Amino acid sequence: MKANTKLFLVAGLLLALALALFISPFADRDPDGLSKVAEDKGFASTERQHDLADSPVAGYEVKGVDDDRLSTGAAGVIGVLVTFGLGVGAFALLRTLRREPDTQDEPAVDARAG
């Protein structure tokens, strides 16, 4: 991997981590999107708990962290790291699958011989 690519990845990761840790705690707490529509249209009462509602970072908060802003920031950092890890893993797998098979078993062909 070229140095420019590594620098770009590290800078992007650091920027994403900084945004997750320092900016996400200031996100609006009022419901938006589907939650807001469900409240406005009167079907919010039919909402069911998700299977992962008891997970450590459910609801954009880390369980066990009492400070709301710190909890949200920590959940953002965890999300960034998990997403980055999955991306790196996926690209590593693709790189492995795209490699050409070893040609050591095949006899060398001299282009000058004719």
# chains A, B, ... in the order shown; residues from 1 in each chain; ligands from 1

$ residues_around --residues "segment 63-75 of chain A" --least-positions-apart "6" --cutoff "6 Å" --atoms "only C-alpha atoms" --output "list in words"
Ala20, Leu21, Ser24, Pro25, Pro56 and Val57 of chain A

$ atom_distance --atom1 "atom CA of Gln49 of chain A" --atom2 "atom CA of Phe26 of chain A"
25.3 Å

$ closest_residue --among "A:Ala16, A:Arg99, A:Ala38, A:Ala11" --to "Leu81 of chain A" --atoms "only C-alpha atoms"
A:Ala16

$ select_by_dssp --residues "chain A" --states "helix (DSSP H, G or I)" --output "PyMOL selection string"
chain A and resi 3-26+33-41+44-46+58-60+68-98

$ decode --residues "segment 25-112 of chain A" --atoms "C-alpha atoms" --output "mmCIF file, in the first residue's frame"
data_model
loop_
_atom_site.group_PDB
_atom_site.id
_atom_site.type_symbol
_atom_site.label_atom_id
_atom_site.label_comp_id
_atom_site.auth_asym_id
_atom_site.auth_seq_id
_atom_site.Cartn_x
_atom_site.Cartn_y
_atom_site.Cartn_z
ATOM 1 C CA PRO A 25 -23.060 14.118 21.591
ATOM 2 C CA PHE A 26 -24.581 17.366 20.329
ATOM 3 C CA ALA A 27 -27.060 15.612 18.024
ATOM 4 C CA ASP A 28 -30.688 16.596 18.488
ATOM 5 C CA ARG A 29 -32.483 14.360 21.008
ATOM 6 C CA ASP A 30 -35.924 14.992 19.500
ATOM 7 C CA PRO A 31 -37.277 12.108 17.420
ATOM 8 C CA ASP A 32 -36.873 12.426 13.689
ATOM 9 C CA GLY A 33 -37.374 10.305 10.614
ATOM 10 C CA LEU A 34 -39.618 7.288 11.071
ATOM 11 C CA SER A 35 -40.030 7.918 14.821
ATOM 12 C CA LYS A 36 -41.412 11.403 14.163
ATOM 13 C CA VAL A 37 -43.746 10.160 11.418
ATOM 14 C CA ALA A 38 -44.953 7.338 13.681
ATOM 15 C CA GLU A 39 -45.782 9.855 16.404
ATOM 16 C CA ASP A 40 -47.459 12.265 13.987
ATOM 17 C CA LYS A 41 -49.545 9.548 12.299
ATOM 18 C CA GLY A 42 -50.442 7.781 15.550
ATOM 19 C CA PHE A 43 -48.837 4.387 15.079
ATOM 20 C CA ALA A 44 -45.895 4.849 17.460
ATOM 21 C CA SER A 45 -47.647 2.661 20.030
ATOM 22 C CA THR A 46 -47.216 -0.369 17.738
ATOM 23 C CA GLU A 47 -43.416 -0.153 17.994
ATOM 24 C CA ARG A 48 -41.721 -3.366 19.187
ATOM 25 C CA GLN A 49 -38.311 -3.827 20.757
ATOM 26 C CA HIS A 50 -35.573 -4.906 18.396
ATOM 27 C CA ASP A 51 -33.795 -8.197 19.122
ATOM 28 C CA LEU A 52 -30.591 -6.270 19.845
ATOM 29 C CA ALA A 53 -32.225 -3.682 22.123
ATOM 30 C CA ASP A 54 -30.200 -5.038 25.056
ATOM 31 C CA SER A 55 -26.862 -4.820 23.236
ATOM 32 C CA PRO A 56 -24.058 -2.758 24.831
ATOM 33 C CA VAL A 57 -24.473 0.170 22.405
ATOM 34 C CA ALA A 58 -28.233 0.097 21.770
ATOM 35 C CA GLY A 59 -29.847 3.504 21.382
ATOM 36 C CA TYR A 60 -26.562 5.210 20.488
ATOM 37 C CA GLU A 61 -25.417 4.965 24.107
ATOM 38 C CA VAL A 62 -22.925 2.760 25.931
ATOM 39 C CA LYS A 63 -24.450 0.907 28.850
ATOM 40 C CA GLY A 64 -22.777 1.640 32.140
ATOM 41 C CA VAL A 65 -21.682 5.177 31.199
ATOM 42 C CA ASP A 66 -23.796 7.625 33.184
ATOM 43 C CA ASP A 67 -22.846 10.839 31.346
ATOM 44 C CA ASP A 68 -25.185 11.073 28.319
ATOM 45 C CA ARG A 69 -22.762 12.994 26.102
ATOM 46 C CA LEU A 70 -19.809 10.740 26.915
ATOM 47 C CA SER A 71 -21.986 7.654 26.409
ATOM 48 C CA THR A 72 -23.128 8.857 22.978
ATOM 49 C CA GLY A 73 -19.582 9.793 21.965
ATOM 50 C CA ALA A 74 -18.244 6.415 23.083
ATOM 51 C CA ALA A 75 -20.973 4.623 21.125
ATOM 52 C CA GLY A 76 -19.984 6.660 18.065
ATOM 53 C CA VAL A 77 -16.322 5.706 18.480
ATOM 54 C CA ILE A 78 -17.253 2.033 18.825
ATOM 55 C CA GLY A 79 -19.413 2.292 15.705
ATOM 56 C CA VAL A 80 -16.613 3.919 13.708
ATOM 57 C CA LEU A 81 -14.085 1.293 14.794
ATOM 58 C CA VAL A 82 -16.411 -1.634 14.035
ATOM 59 C CA THR A 83 -17.302 -0.175 10.628
ATOM 60 C CA PHE A 84 -13.655 0.535 9.806
ATOM 61 C CA GLY A 85 -12.668 -2.966 10.906
ATOM 62 C CA LEU A 86 -15.347 -4.563 8.750
ATOM 63 C CA GLY A 87 -14.261 -2.444 5.786
ATOM 64 C CA VAL A 88 -10.596 -3.348 6.206
ATOM 65 C CA GLY A 89 -11.544 -7.002 6.550
ATOM 66 C CA ALA A 90 -13.717 -6.917 3.434
ATOM 67 C CA PHE A 91 -11.002 -5.256 1.358
ATOM 68 C CA ALA A 92 -8.380 -7.699 2.655
ATOM 69 C CA LEU A 93 -10.631 -10.578 1.631
ATOM 70 C CA LEU A 94 -11.180 -9.062 -1.811
ATOM 71 C CA ARG A 95 -7.445 -8.520 -2.233
ATOM 72 C CA THR A 96 -6.809 -12.174 -1.355
ATOM 73 C CA LEU A 97 -9.464 -13.384 -3.784
ATOM 74 C CA ARG A 98 -8.162 -11.213 -6.639
ATOM 75 C CA ARG A 99 -4.553 -12.395 -6.418
ATOM 76 C CA GLU A 100 -3.379 -14.411 -9.357
ATOM 77 C CA PRO A 101 -2.568 -18.042 -8.641
ATOM 78 C CA ASP A 102 1.077 -18.957 -8.223
ATOM 79 C CA THR A 103 2.762 -19.594 -11.535
ATOM 80 C CA GLN A 104 5.825 -21.272 -10.040
ATOM 81 C CA ASP A 105 4.641 -24.723 -11.123
ATOM 82 C CA GLU A 106 4.374 -23.681 -14.751
ATOM 83 C CA PRO A 107 7.466 -23.770 -16.935
ATOM 84 C CA ALA A 108 8.953 -20.397 -17.754
ATOM 85 C CA VAL A 109 8.288 -19.216 -21.271
ATOM 86 C CA ASP A 110 10.995 -17.208 -22.985
ATOM 87 C CA ALA A 111 9.371 -14.655 -25.288
ATOM 88 C CA ARG A 112 12.557 -14.469 -27.391
#
